[in-house]
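Here's start.cif, which has mmCIF, C-alpha atoms (C1' of nucleotides) and all ligand atoms:
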```
data_structure
#
loop_
_atom_site.label_atom_id
_atom_site.label_comp_id
_atom_site.auth_asym_id
_atom_site.auth_seq_id
_atom_site.Cartn_x
_atom_site.Cartn_y
_atom_site.Cartn_z
CA MET T 124 6.53 20.27 -23.96
CA MET T 125 3.27 22.05 -23.41
CA LEU T 126 0.68 21.38 -20.77
CA GLU T 127 -2.72 20.35 -21.97
CA GLN T 128 -5.62 22.74 -21.71
CA GLY T 129 -7.81 20.69 -19.41
CA ILE T 130 -4.97 20.26 -16.97
CA LYS T 131 -4.10 23.93 -17.07
CA GLU T 132 -7.62 24.86 -16.13
CA ARG T 133 -7.72 22.59 -13.15
CA LEU T 134 -4.35 23.86 -12.06
CA GLU T 135 -5.39 27.48 -12.24
CA LYS T 136 -8.44 26.78 -10.17
CA ALA T 137 -6.59 24.94 -7.43
CA GLU T 138 -2.80 24.96 -7.56
CA TYR T 139 -0.90 27.96 -6.45
CA LYS T 140 2.30 28.33 -8.40
CA LEU T 141 3.48 26.40 -11.40
CA THR T 142 7.08 26.07 -10.32
CA GLN T 143 9.79 24.41 -12.39
CA GLN T 144 9.62 21.28 -10.24
CA ARG T 145 5.83 21.00 -10.50
CA LYS T 146 6.01 21.58 -14.21
CA ALA T 147 8.62 18.84 -14.53
CA VAL T 148 6.42 16.38 -12.63
CA LEU T 149 3.40 17.28 -14.73
CA GLU T 150 5.28 16.86 -17.96
CA VAL T 151 6.52 13.46 -16.89
CA MET T 152 2.97 12.37 -16.17
CA GLN T 153 1.80 13.69 -19.51
CA ASN T 154 4.58 11.95 -21.42
CA LYS T 155 3.79 8.73 -19.61
CA ARG T 156 0.07 8.87 -20.19
CA GLY T 157 -1.46 5.46 -19.58
CA GLU T 158 1.38 4.34 -17.33
CA HIS T 159 1.23 3.95 -13.58
CA LEU T 160 4.30 5.41 -11.96
CA THR T 161 5.69 5.33 -8.46
CA ALA T 162 7.10 8.44 -6.82
CA GLU T 163 10.61 7.11 -7.37
CA GLU T 164 9.98 6.62 -11.06
CA VAL T 165 8.62 10.12 -11.38
CA LEU T 166 11.65 11.46 -9.54
CA TYR T 167 14.01 9.71 -11.90
CA GLU T 168 12.29 11.07 -14.98
CA ALA T 169 11.74 14.56 -13.68
CA ARG T 170 15.41 14.90 -12.75
CA GLN T 171 16.23 15.00 -16.45
CA LYS T 172 14.78 18.50 -16.33
CA VAL T 173 15.40 19.53 -12.72
CA PRO T 174 18.48 17.60 -11.62
CA HIS T 175 18.45 18.49 -7.93
CA LEU T 176 14.74 17.82 -7.49
CA GLY T 177 13.99 16.27 -4.10
CA ILE T 178 11.82 13.25 -3.43
CA ALA T 179 9.80 15.19 -0.86
CA THR T 180 8.75 17.66 -3.51
CA VAL T 181 7.72 14.84 -5.78
CA TYR T 182 5.52 13.33 -3.10
CA ARG T 183 4.03 16.71 -2.26
CA THR T 184 3.33 17.49 -5.90
CA LEU T 185 1.80 14.12 -6.69
CA GLU T 186 -0.40 14.40 -3.62
CA ARG T 187 -1.61 17.83 -4.65
CA LEU T 188 -2.26 16.82 -8.21
CA ALA T 189 -4.21 13.81 -7.07
CA ALA T 190 -6.28 16.01 -4.76
CA ILE T 191 -7.42 18.15 -7.69
CA GLU T 192 -7.90 15.04 -9.82
CA VAL T 193 -5.27 15.80 -12.37
CA LEU T 194 -3.78 12.49 -11.29
CA TYR T 195 -5.31 9.30 -10.06
CA LYS T 196 -3.59 7.60 -7.15
CA THR T 197 -3.92 3.91 -6.60
CA ILE T 198 -2.17 0.88 -5.20
CA PHE T 199 -1.70 -2.53 -6.77
CA ASP T 200 -1.09 -5.11 -4.05
CA GLU T 201 2.61 -4.38 -4.00
CA GLY T 202 2.57 -2.01 -1.06
CA LYS T 203 3.32 1.26 -2.80
CA TYR T 204 1.29 3.91 -4.52
CA ARG T 205 1.20 4.56 -8.23
CA TYR T 206 -0.01 7.63 -10.06
CA GLU T 207 -1.38 8.10 -13.55
CA LEU T 208 -2.72 10.98 -15.56
CA SER T 209 -6.44 11.10 -14.96
CA ASP T 210 -8.74 11.11 -17.93
CA GLN T 211 -10.93 13.68 -16.27
CA ALA T 212 -14.40 12.73 -17.42
CA GLU T 213 -14.97 9.26 -16.08
CA HIS T 214 -14.03 7.82 -12.70
CA GLN T 215 -13.52 4.30 -13.95
CA HIS T 216 -10.37 2.35 -13.48
CA LEU T 217 -10.51 -1.10 -14.94
CA HIS T 218 -7.14 -2.73 -14.77
CA ILE T 219 -5.80 -6.08 -15.74
CA LEU T 220 -2.67 -7.12 -13.90
CA CYS T 221 -0.64 -9.89 -15.45
CA ILE T 222 0.39 -12.19 -12.64
CA ALA T 223 3.37 -13.35 -14.69
CA CYS T 224 4.96 -10.18 -16.07
CA SER T 225 3.06 -7.75 -13.80
CA ARG T 226 2.28 -5.38 -16.61
CA ILE T 227 -0.87 -3.34 -16.15
CA PHE T 228 -3.40 -3.22 -18.96
CA GLU T 229 -6.16 -0.66 -19.15
CA VAL T 230 -9.65 -1.83 -19.97
CA GLU T 231 -11.65 0.63 -22.00
CA GLU T 232 -15.18 -0.46 -21.38
CA GLY T 233 -17.70 0.11 -18.62
CA LEU T 234 -18.58 -2.56 -16.12
CA LEU T 235 -19.77 -5.19 -18.56
CA ASP T 236 -21.30 -8.41 -17.50
CA SER T 237 -19.60 -10.15 -20.38
CA LEU T 238 -16.30 -8.40 -19.87
CA GLU T 239 -14.36 -11.42 -18.78
CA LYS T 240 -15.59 -13.61 -21.60
CA HIS T 241 -14.55 -10.90 -24.00
CA LEU T 242 -11.11 -10.69 -22.44
CA GLU T 243 -10.70 -14.41 -22.63
CA LYS T 244 -11.31 -14.22 -26.34
CA ASP T 245 -8.44 -11.71 -26.46
CA GLY T 246 -6.20 -14.29 -24.86
CA PHE T 247 -6.25 -13.30 -21.21
CA GLU T 248 -6.42 -16.16 -18.75
CA ILE T 249 -8.31 -14.77 -15.79
CA VAL T 250 -7.37 -16.01 -12.35
CA ASN T 251 -8.98 -13.59 -9.94
CA HIS T 252 -10.60 -10.23 -9.78
CA GLN T 253 -11.39 -7.56 -7.33
CA LEU T 254 -13.88 -4.77 -7.52
CA LYS T 255 -13.75 -1.83 -5.18
CA ILE T 256 -16.59 0.62 -5.12
CA TYR T 257 -15.99 3.85 -3.29
CA ALA T 258 -19.20 5.25 -1.90
CA TYR T 259 -20.99 6.81 0.98
CA CYS T 260 -22.70 4.02 2.83
CA PRO T 261 -26.40 4.46 3.53
CA GLU T 262 -25.63 5.62 7.05
CA CYS T 263 -23.07 8.19 6.01
CA SER T 264 -24.81 9.34 2.87
CA ARG T 265 -25.27 13.08 2.81
CA LYS T 266 -28.91 13.73 1.94
CA MET M 74 -13.35 -22.95 19.41
CA MET M 75 -13.08 -25.57 16.74
CA LEU M 76 -11.56 -25.25 13.31
CA GLU M 77 -13.87 -25.73 10.38
CA GLN M 78 -13.62 -28.84 8.26
CA GLY M 79 -12.75 -27.15 4.98
CA ILE M 80 -9.94 -25.25 6.59
CA LYS M 81 -8.60 -28.32 8.31
CA GLU M 82 -8.37 -30.13 5.02
CA ARG M 83 -6.42 -27.41 3.31
CA LEU M 84 -4.13 -27.20 6.30
CA GLU M 85 -3.37 -30.88 6.31
CA LYS M 86 -2.51 -30.78 2.66
CA ALA M 87 -0.14 -27.86 2.94
CA GLU M 88 0.73 -26.62 6.43
CA TYR M 89 3.20 -28.44 8.52
CA LYS M 90 2.41 -28.16 12.20
CA LEU M 91 -0.66 -26.70 13.80
CA THR M 92 1.13 -24.93 16.62
CA GLN M 93 -0.59 -22.98 19.37
CA GLN M 94 0.28 -19.69 17.69
CA ARG M 95 -1.02 -20.78 14.27
CA LYS M 96 -4.15 -22.11 15.87
CA ALA M 97 -4.67 -18.82 17.66
CA VAL M 98 -4.32 -16.88 14.41
CA LEU M 99 -6.70 -19.20 12.63
CA GLU M 100 -9.30 -18.94 15.35
CA VAL M 101 -9.14 -15.17 15.26
CA MET M 102 -9.75 -15.21 11.53
CA GLN M 103 -12.64 -17.60 11.96
CA ASN M 104 -14.22 -15.53 14.70
CA LYS M 105 -13.87 -12.43 12.58
CA ARG M 106 -15.30 -13.97 9.45
CA GLY M 107 -16.27 -11.24 7.01
CA GLU M 108 -13.86 -8.72 8.51
CA HIS M 109 -10.62 -7.53 6.97
CA LEU M 110 -7.88 -7.45 9.56
CA THR M 111 -4.37 -6.08 9.57
CA ALA M 112 -1.49 -8.07 11.04
CA GLU M 113 -1.51 -5.78 14.08
CA GLU M 114 -5.19 -6.41 14.67
CA VAL M 115 -4.68 -10.15 14.40
CA LEU M 116 -1.79 -9.91 16.84
CA TYR M 117 -3.89 -8.06 19.38
CA GLU M 118 -6.70 -10.60 19.23
CA ALA M 119 -4.50 -13.67 19.15
CA ARG M 120 -2.62 -12.52 22.23
CA GLN M 121 -5.73 -13.19 24.27
CA LYS M 122 -4.82 -16.84 23.79
CA VAL M 123 -1.05 -16.71 23.34
CA PRO M 124 0.10 -13.66 25.27
CA HIS M 125 3.75 -13.63 24.20
CA LEU M 126 2.96 -14.17 20.51
CA GLY M 127 5.34 -12.20 18.27
CA ILE M 128 4.40 -10.04 15.32
CA ALA M 129 6.85 -11.89 13.08
CA THR M 130 4.98 -15.12 13.67
CA VAL M 131 1.72 -13.43 12.82
CA TYR M 132 3.10 -12.16 9.53
CA ARG M 133 4.58 -15.54 8.73
CA THR M 134 1.36 -17.35 9.55
CA LEU M 135 -0.85 -14.98 7.60
CA GLU M 136 1.45 -15.27 4.63
CA ARG M 137 1.33 -19.06 4.73
CA LEU M 138 -2.41 -19.17 5.14
CA ALA M 139 -2.87 -16.82 2.22
CA ALA M 140 -0.59 -18.97 0.10
CA ILE M 141 -2.83 -22.00 0.61
CA GLU M 142 -5.91 -19.83 0.13
CA VAL M 143 -7.30 -20.23 3.61
CA LEU M 144 -7.03 -16.45 3.76
CA TYR M 145 -7.37 -13.77 1.15
CA LYS M 146 -4.83 -10.96 1.28
CA THR M 147 -5.64 -7.58 -0.11
CA ILE M 148 -4.90 -3.89 0.26
CA PHE M 149 -7.33 -1.00 0.41
CA ASP M 150 -5.56 2.21 -0.63
CA GLU M 151 -4.32 2.80 2.89
CA GLY M 152 -0.91 1.30 2.39
CA LYS M 153 -1.19 -1.84 4.46
CA TYR M 154 -2.41 -5.34 3.88
CA ARG M 155 -5.58 -6.83 5.26
CA TYR M 156 -6.55 -10.47 5.54
CA GLU M 157 -9.90 -12.17 5.61
CA LEU M 158 -11.13 -15.72 5.82
CA SER M 159 -11.51 -16.95 2.27
CA ASP M 160 -14.80 -18.41 1.22
CA GLN M 161 -13.02 -21.08 -0.74
CA ALA M 162 -15.30 -21.64 -3.70
CA GLU M 163 -15.32 -18.36 -5.56
CA HIS M 164 -12.49 -15.96 -6.24
CA GLN M 165 -14.66 -12.89 -6.19
CA HIS M 166 -14.09 -9.95 -3.94
CA LEU M 167 -16.57 -7.19 -4.40
CA HIS M 168 -16.08 -4.55 -1.78
CA ILE M 169 -17.73 -1.27 -1.04
CA LEU M 170 -15.59 1.14 0.91
CA CYS M 171 -17.40 3.96 2.64
CA ILE M 172 -15.35 7.08 2.05
CA ALA M 173 -16.83 8.63 5.18
CA CYS M 174 -16.62 5.93 7.86
CA SER M 175 -14.24 3.63 5.93
CA ARG M 176 -16.21 0.53 6.75
CA ILE M 177 -15.92 -2.26 4.23
CA PHE M 178 -19.10 -3.87 2.93
CA GLU M 179 -19.14 -7.16 1.10
CA VAL M 180 -21.18 -7.45 -2.05
CA GLU M 181 -22.72 -10.84 -2.58
CA GLU M 182 -23.41 -10.90 -6.25
CA GLY M 183 -21.38 -11.56 -9.36
CA LEU M 184 -20.21 -8.79 -11.61
CA LEU M 185 -23.60 -7.40 -12.51
CA ASP M 186 -24.07 -4.71 -15.06
CA SER M 187 -26.80 -3.22 -12.97
CA LEU M 188 -24.93 -3.61 -9.73
CA GLU M 189 -24.44 0.05 -9.05
CA LYS M 190 -28.04 0.98 -9.72
CA HIS M 191 -29.05 -1.73 -7.31
CA LEU M 192 -26.69 -0.43 -4.68
CA GLU M 193 -27.97 3.08 -5.12
CA LYS M 194 -31.46 1.83 -4.35
CA ASP M 195 -29.99 0.45 -1.12
CA GLY M 196 -28.80 3.92 -0.23
CA PHE M 197 -25.19 3.87 -1.30
CA GLU M 198 -23.94 7.00 -2.98
CA ILE M 199 -21.28 5.82 -5.39
CA VAL M 200 -18.32 8.07 -6.01
CA ASN M 201 -15.73 5.90 -7.70
CA HIS M 202 -14.91 2.33 -8.42
CA GLN M 203 -11.98 0.22 -9.34
CA LEU M 204 -11.86 -3.20 -10.87
CA LYS M 205 -8.73 -5.27 -10.84
CA ILE M 206 -8.59 -8.43 -12.85
CA TYR M 207 -5.69 -10.74 -12.16
CA ALA M 208 -4.79 -12.74 -15.21
CA TYR M 209 -2.12 -14.08 -17.46
CA CYS M 210 -1.81 -11.66 -20.32
CA PRO M 211 -1.98 -13.11 -23.82
CA GLU M 212 1.80 -13.07 -24.05
CA CYS M 213 2.36 -14.82 -20.74
CA SER M 214 -0.57 -17.20 -20.97
CA ARG M 215 0.45 -20.79 -20.48
CA LYS M 216 -1.08 -22.80 -23.31
"C1'" DC D 298 13.77 48.25 -7.38
"C1'" DC D 299 13.60 47.04 -2.12
"C1'" DC D 300 11.28 44.87 1.64
"C1'" DA D 301 8.48 42.23 4.23
"C1'" DA D 302 5.34 38.31 4.05
"C1'" DT D 303 4.25 33.96 2.20
"C1'" DA D 304 4.87 29.75 -0.04
"C1'" DA D 305 7.90 26.13 -1.97
"C1'" DT D 306 11.89 23.38 -1.79
"C1'" DG D 307 15.42 19.94 -0.44
"C1'" DA D 308 18.05 17.59 3.04
"C1'" DT D 309 17.28 14.85 6.50
"C1'" DA D 310 15.04 12.67 10.39
"C1'" DA D 311 11.02 10.17 11.87
"C1'" DT D 312 7.45 6.90 11.25
"C1'" DC D 313 5.04 2.83 9.81
"C1'" DA D 314 4.48 -1.60 7.79
"C1'" DT D 315 6.89 -5.41 6.45
"C1'" DT D 316 10.83 -8.56 5.99
"C1'" DA D 317 15.25 -10.60 7.36
"C1'" DT D 318 18.32 -12.41 10.81
"C1'" DC D 319 19.56 -15.30 14.32
"C1'" DA D 320 19.76 -17.39 18.77
"C1'" DT D 321 16.58 -20.15 21.34
"C1'" DA D 322 12.75 -23.25 21.90
"C1'" DT D 323 9.84 -26.89 20.37
"C1'" DA D 324 8.56 -30.95 18.03
"C1'" DA D 325 9.52 -35.21 15.31
"C1'" DA D 326 12.44 -38.95 14.08
"C1'" DC D 327 15.40 -42.23 15.27
"C1'" DG N 32 17.12 -39.28 25.04
"C1'" DT N 33 19.81 -37.63 21.45
"C1'" DT N 34 19.73 -35.82 16.93
"C1'" DT N 35 17.49 -33.20 13.32
"C1'" DA N 36 14.32 -30.19 11.44
"C1'" DT N 37 11.11 -26.64 12.11
"C1'" DA N 38 8.95 -22.74 14.50
"C1'" DT N 39 9.26 -18.88 17.34
"C1'" DG N 40 10.25 -14.24 19.22
"C1'" DA N 41 13.33 -10.40 19.82
"C1'" DT N 42 15.35 -7.34 17.28
"C1'" DA N 43 17.59 -5.24 13.34
"C1'" DA N 44 17.06 -3.91 8.58
"C1'" DT N 45 14.50 -2.27 4.83
"C1'" DG N 46 11.42 0.44 1.89
"C1'" DA N 47 7.90 3.69 1.31
"C1'" DT N 48 5.94 7.68 2.99
"C1'" DT N 49 5.51 11.73 5.98
"C1'" DA N 50 7.20 15.39 9.06
"C1'" DT N 51 10.51 18.91 10.24
"C1'" DC N 52 12.99 22.84 9.45
"C1'" DA N 53 16.41 25.87 7.65
"C1'" DT N 54 17.04 27.90 3.15
"C1'" DT N 55 15.36 29.66 -1.09
"C1'" DA N 56 12.10 31.53 -4.35
"C1'" DT N 57 8.04 34.37 -5.24
"C1'" DT N 58 4.70 38.04 -4.54
"C1'" DG N 59 2.56 42.39 -3.63
"C1'" DG N 60 3.03 46.95 -1.60
"C1'" DG N 61 5.97 50.71 -0.87
MN MN O 1 -5.15 3.12 -14.82
MN MN O 2 -13.66 -9.23 1.42
ZN ZN O 3 2.19 -10.98 -18.88
ZN ZN O 4 -20.13 5.05 6.11
#
```

Just give me the structure of the file as structure tokens.
Amino acid sequence: MMLEQGIKERLEKAEYKLTQQRKAVLEVMQNKRGEHLTAEEVLYEARQKVPHLGIATVYRTLERLAAIEVLYKTIFDEGKYRYELSDQAEHQHLHILCIACSRIFEVEEGLLDSLEKHLEKDGFEIVNHQLKIYAYCPECSRK
Amino acid sequence: MMLEQGIKERLEKAEYKLTQQRKAVLEVMQNKRGEHLTAEEVLYEARQKVPHLGIATVYRTLERLAAIEVLYKTIFDEGKYRYELSDQAEHQHLHILCIACSRIFEVEEGLLDSLEKHLEKDGFEIVNHQLKIYAYCPECSRK
DNA sequence: CCCAATAATGATAATCATTATCATATAAAC
DNA sequence: GTTTATATGATAATGATTATCATTATTGGG
């Protein structure tokens, strides 16, 4: 499995060495594009390639990759972090969490006013929502 | 300090006994309306009233109060839960998290398309955002 | 190629938040 | 006031994440 070009570029700019274990983690994330994986899940998958891979290395690698925005790190009210391949361009993460089966659905669109009505037409039954905006507050804003 | 009427009603319907420790927790949450507190923070405050209050009781009480929607439980990418007094009517939680000072700002409005532009006029410098919609997916939707 | 110097790894211990356990205390019912 | 159910607090257990550190690659200059 090859690494994608965009990822390679960001790696070269920031990461130091592309070791076997880092490569294994990256390939897992690429193969699981669109999924949101915990460190344990990444470990399990990556051990197919690097059997004695340690969990500490997985955490370190995920952390690094999130820092250079190859991955996006988030948390879904279950008390542990999940990582997904970041679709570089946009910083939007619109997720639908099924409160019955706990699957995570990606929403393609921007912040639409009519988003929920649209989703309801698709058969979603919306119970709650939560928007988090990450920003510099007026006081902290760098001028 | 008195308990508010709306809260009292929901308690009577669902909670069993209004013990000193539960009362202390509730009063803390009322006094800190609009703030998002961790269990530890609630413990610290509530011990002003009930000095030998245990952390287990705080967790149990917060959990119960969230279950009957007197509190809203959420998590802000820092790996621990926070609780706030729930403003019963609406299920909306629009938060701005300052990535510099990590204060949490409440946003009053509904999901506006122009929300971010508005906020930028107020001096916020938006870096990222995340929307989570809790729903039954089409497959799981109760008909 | 050989040798430092540097960085990465993996095993394991430590930490932190949360949950479970259980003996004791408190309250309600009779 | 005795019985019964519930709540509490101390503490142990758990699960996720981070820190530590000895060992193992990797690199760049001889
Ligand atoms: Mn996503
Ligand atoms: Mn809030
Ligand atoms: Zn579902
Ligand atoms: Zn700020």

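As for CA of Glu262 in chain T and CA of Glu108 in chain M, they are spaced 18.6 Å apart.
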
For this session: Write out as a list in words each polymer residue (protein, DNA or RNA) that has an atom no more than 6 Å from ligand ZN 3 (chain O), with only C-alpha atoms (C1' of nucleotides) and all ligand atoms counted.
Result: Cys221, Ala223 and Cys224 of chain T; Tyr209, Cys210, Glu212 and Cys213 of chain M

Fit target chain T, mobile chain M, all Cα in order, as a short mmCIF file (atom, residue, chain, number, x, y, z; two decimals) with C-alpha atoms, in the coordinates of the input:
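Once everything was written out, this is selection_26.cif:
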```
data_model
loop_
_atom_site.label_atom_id
_atom_site.label_comp_id
_atom_site.auth_asym_id
_atom_site.auth_seq_id
_atom_site.Cartn_x
_atom_site.Cartn_y
_atom_site.Cartn_z
CA MET M 74 6.59 20.15 -23.99
CA MET M 75 3.36 21.97 -23.44
CA LEU M 76 0.75 21.35 -20.80
CA GLU M 77 -2.66 20.31 -22.00
CA GLN M 78 -5.56 22.71 -21.77
CA GLY M 79 -7.74 20.66 -19.45
CA ILE M 80 -4.92 20.25 -17.00
CA LYS M 81 -4.05 23.91 -17.11
CA GLU M 82 -7.58 24.83 -16.19
CA ARG M 83 -7.72 22.58 -13.19
CA LEU M 84 -4.35 23.87 -12.09
CA GLU M 85 -5.38 27.48 -12.28
CA LYS M 86 -8.43 26.79 -10.21
CA ALA M 87 -6.59 24.98 -7.46
CA GLU M 88 -2.78 24.98 -7.59
CA TYR M 89 -0.86 27.97 -6.50
CA LYS M 90 2.36 28.35 -8.42
CA LEU M 91 3.51 26.39 -11.41
CA THR M 92 7.12 26.06 -10.34
CA GLN M 93 9.82 24.38 -12.39
CA GLN M 94 9.63 21.26 -10.24
CA ARG M 95 5.83 20.99 -10.50
CA LYS M 96 6.03 21.56 -14.21
CA ALA M 97 8.62 18.82 -14.52
CA VAL M 98 6.42 16.38 -12.62
CA LEU M 99 3.41 17.27 -14.72
CA GLU M 100 5.30 16.84 -17.96
CA VAL M 101 6.52 13.43 -16.89
CA MET M 102 2.97 12.36 -16.16
CA GLN M 103 1.81 13.69 -19.50
CA ASN M 104 4.58 11.94 -21.39
CA LYS M 105 3.79 8.72 -19.61
CA ARG M 106 0.07 8.89 -20.19
CA GLY M 107 -1.47 5.48 -19.58
CA GLU M 108 1.35 4.35 -17.31
CA HIS M 109 1.19 3.96 -13.56
CA LEU M 110 4.27 5.42 -11.95
CA THR M 111 5.64 5.33 -8.44
CA ALA M 112 7.05 8.46 -6.80
CA GLU M 113 10.56 7.11 -7.33
CA GLU M 114 9.94 6.61 -11.02
CA VAL M 115 8.57 10.12 -11.35
CA LEU M 116 11.61 11.45 -9.51
CA TYR M 117 13.99 9.69 -11.86
CA GLU M 118 12.28 11.04 -14.96
CA ALA M 119 11.74 14.55 -13.66
CA ARG M 120 15.40 14.87 -12.75
CA GLN M 121 16.23 14.95 -16.44
CA LYS M 122 14.80 18.46 -16.31
CA VAL M 123 15.41 19.48 -12.70
CA PRO M 124 18.48 17.55 -11.60
CA HIS M 125 18.46 18.47 -7.91
CA LEU M 126 14.73 17.80 -7.48
CA GLY M 127 13.97 16.24 -4.08
CA ILE M 128 11.78 13.24 -3.40
CA ALA M 129 9.76 15.20 -0.84
CA THR M 130 8.73 17.67 -3.51
CA VAL M 131 7.69 14.84 -5.77
CA TYR M 132 5.49 13.34 -3.08
CA ARG M 133 4.01 16.71 -2.26
CA THR M 134 3.32 17.50 -5.90
CA LEU M 135 1.78 14.13 -6.67
CA GLU M 136 -0.42 14.43 -3.62
CA ARG M 137 -1.63 17.87 -4.66
CA LEU M 138 -2.26 16.84 -8.23
CA ALA M 139 -4.24 13.83 -7.08
CA ALA M 140 -6.29 16.03 -4.78
CA ILE M 141 -7.42 18.18 -7.71
CA GLU M 142 -7.92 15.06 -9.83
CA VAL M 143 -5.26 15.82 -12.39
CA LEU M 144 -3.79 12.49 -11.30
CA TYR M 145 -5.34 9.30 -10.07
CA LYS M 146 -3.63 7.61 -7.15
CA THR M 147 -3.96 3.92 -6.60
CA ILE M 148 -2.20 0.89 -5.18
CA PHE M 149 -1.72 -2.51 -6.76
CA ASP M 150 -1.13 -5.10 -4.03
CA GLU M 151 2.58 -4.37 -3.98
CA GLY M 152 2.50 -2.00 -1.07
CA LYS M 153 3.25 1.27 -2.78
CA TYR M 154 1.24 3.92 -4.52
CA ARG M 155 1.17 4.57 -8.22
CA TYR M 156 -0.04 7.63 -10.06
CA GLU M 157 -1.41 8.09 -13.53
CA LEU M 158 -2.73 10.98 -15.56
CA SER M 159 -6.46 11.11 -14.97
CA ASP M 160 -8.75 11.09 -17.94
CA GLN M 161 -10.96 13.64 -16.28
CA ALA M 162 -14.42 12.68 -17.46
CA GLU M 163 -15.01 9.22 -16.06
CA HIS M 164 -14.09 7.81 -12.69
CA GLN M 165 -13.57 4.30 -13.95
CA HIS M 166 -10.40 2.36 -13.51
CA LEU M 167 -10.53 -1.09 -14.95
CA HIS M 168 -7.15 -2.70 -14.79
CA ILE M 169 -5.80 -6.05 -15.76
CA LEU M 170 -2.67 -7.07 -13.92
CA CYS M 171 -0.62 -9.82 -15.50
CA ILE M 172 0.42 -12.13 -12.69
CA ALA M 173 3.39 -13.27 -14.75
CA CYS M 174 4.97 -10.08 -16.13
CA SER M 175 3.06 -7.67 -13.84
CA ARG M 176 2.26 -5.29 -16.65
CA ILE M 177 -0.89 -3.27 -16.17
CA PHE M 178 -3.43 -3.17 -18.99
CA GLU M 179 -6.20 -0.63 -19.18
CA VAL M 180 -9.68 -1.80 -20.01
CA GLU M 181 -11.69 0.65 -22.03
CA GLU M 182 -15.21 -0.42 -21.40
CA GLY M 183 -17.73 0.10 -18.64
CA LEU M 184 -18.54 -2.59 -16.14
CA LEU M 185 -19.76 -5.20 -18.58
CA ASP M 186 -21.29 -8.43 -17.49
CA SER M 187 -19.60 -10.18 -20.34
CA LEU M 188 -16.31 -8.42 -19.85
CA GLU M 189 -14.34 -11.43 -18.77
CA LYS M 190 -15.56 -13.63 -21.59
CA HIS M 191 -14.55 -10.90 -23.98
CA LEU M 192 -11.12 -10.67 -22.44
CA GLU M 193 -10.67 -14.40 -22.62
CA LYS M 194 -11.29 -14.22 -26.35
CA ASP M 195 -8.45 -11.69 -26.46
CA GLY M 196 -6.17 -14.25 -24.86
CA PHE M 197 -6.23 -13.27 -21.23
CA GLU M 198 -6.38 -16.12 -18.77
CA ILE M 199 -8.28 -14.75 -15.80
CA VAL M 200 -7.32 -15.98 -12.37
CA ASN M 201 -8.91 -13.55 -9.95
CA HIS M 202 -10.55 -10.20 -9.80
CA GLN M 203 -11.34 -7.53 -7.32
CA LEU M 204 -13.84 -4.75 -7.49
CA LYS M 205 -13.70 -1.82 -5.15
CA ILE M 206 -16.55 0.62 -5.08
CA TYR M 207 -15.95 3.85 -3.23
CA ALA M 208 -19.16 5.23 -1.83
CA TYR M 209 -20.96 6.79 1.05
CA CYS M 210 -22.66 3.98 2.90
CA PRO M 211 -26.36 4.40 3.61
CA GLU M 212 -25.58 5.55 7.13
CA CYS M 213 -23.03 8.14 6.08
CA SER M 214 -24.79 9.29 2.93
CA ARG M 215 -25.28 13.02 2.84
CA LYS M 216 -28.92 13.65 1.95
#
```

Problem set entry | One-decimal distance in Å that lies between CA of Ala190 in chain T and CA of Ser209 in chain T | 11.3 Å

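From C1' of DC313 in chain D back to C1' of DA44 in chain N, the distance works out to 13.8 Å.
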
Output the contact residues of chain N with respect to chain M at a cut-off of 9 Å, based on all atoms listed in the file, as a JSON list (two decimals) with C-alpha atoms (C1' of nucleotides), in the frame of the given file.
```
[["chain", "number", "residue", "atom", "x", "y", "z"],
["N", 37, "DT", "C1'", 11.11, -26.64, 12.11],
["N", 38, "DA", "C1'", 8.95, -22.74, 14.50],
["N", 39, "DT", "C1'", 9.26, -18.88, 17.34],
["N", 40, "DG", "C1'", 10.25, -14.24, 19.22],
["N", 41, "DA", "C1'", 13.33, -10.40, 19.82]]
```

Neighbour list for Leu170 in chain M as a tab-separated table (two decimals) with C-alpha atoms, in the coordinates of the input, cut-off 10 Å, all atoms listed in the file, skip fewer than 5 positions in-chain:
```tsv
chain	number	residue	atom	x	y	z
T	255	LYS	CA	-13.75	-1.83	-5.18
T	256	ILE	CA	-16.59	0.62	-5.12
T	257	TYR	CA	-15.99	3.85	-3.29
T	258	ALA	CA	-19.20	5.25	-1.90
T	259	TYR	CA	-20.99	6.81	0.98
T	260	CYS	CA	-22.70	4.02	2.83
M	149	PHE	CA	-7.33	-1.00	0.41
M	175	SER	CA	-14.24	3.63	5.93
M	176	ARG	CA	-16.21	0.53	6.75
M	177	ILE	CA	-15.92	-2.26	4.23
M	178	PHE	CA	-19.10	-3.87	2.93
M	179	GLU	CA	-19.14	-7.16	1.10
M	199	ILE	CA	-21.28	5.82	-5.39
M	201	ASN	CA	-15.73	5.90	-7.70
M	202	HIS	CA	-14.91	2.33	-8.42
```

Problem set entry | Expected selection as JSON, numbers by chain for ligand MN 1 (chain O) within 12 Å, only C-alpha atoms (C1' of nucleotides) and all ligand atoms | {"T": [155, 156, 157, 158, 159, 160, 194, 195, 196, 197, 198, 199, 205, 206, 207, 208, 209, 210, 213, 214, 215, 216, 217, 218, 219, 220, 226, 227, 228, 229, 230, 231], "M": [202, 203, 204, 205]}

Write out as a short mmCIF file (atom, residue, chain, number, x, y, z; two decimals) with C-alpha atoms, in the frame of the given file each polymer residue whose atoms come within 12 Å of Gln128 in chain T, counting only C-alpha atoms (C1' of nucleotides); drop sequence neighbours fewer than 6 positions from it.
```
data_model
loop_
_atom_site.label_atom_id
_atom_site.label_comp_id
_atom_site.auth_asym_id
_atom_site.auth_seq_id
_atom_site.Cartn_x
_atom_site.Cartn_y
_atom_site.Cartn_z
CA LEU T 134 -4.35 23.86 -12.06
CA GLU T 135 -5.39 27.48 -12.24
CA GLN T 153 1.80 13.69 -19.51
CA VAL T 193 -5.27 15.80 -12.37
CA GLN T 211 -10.93 13.68 -16.27
#
```
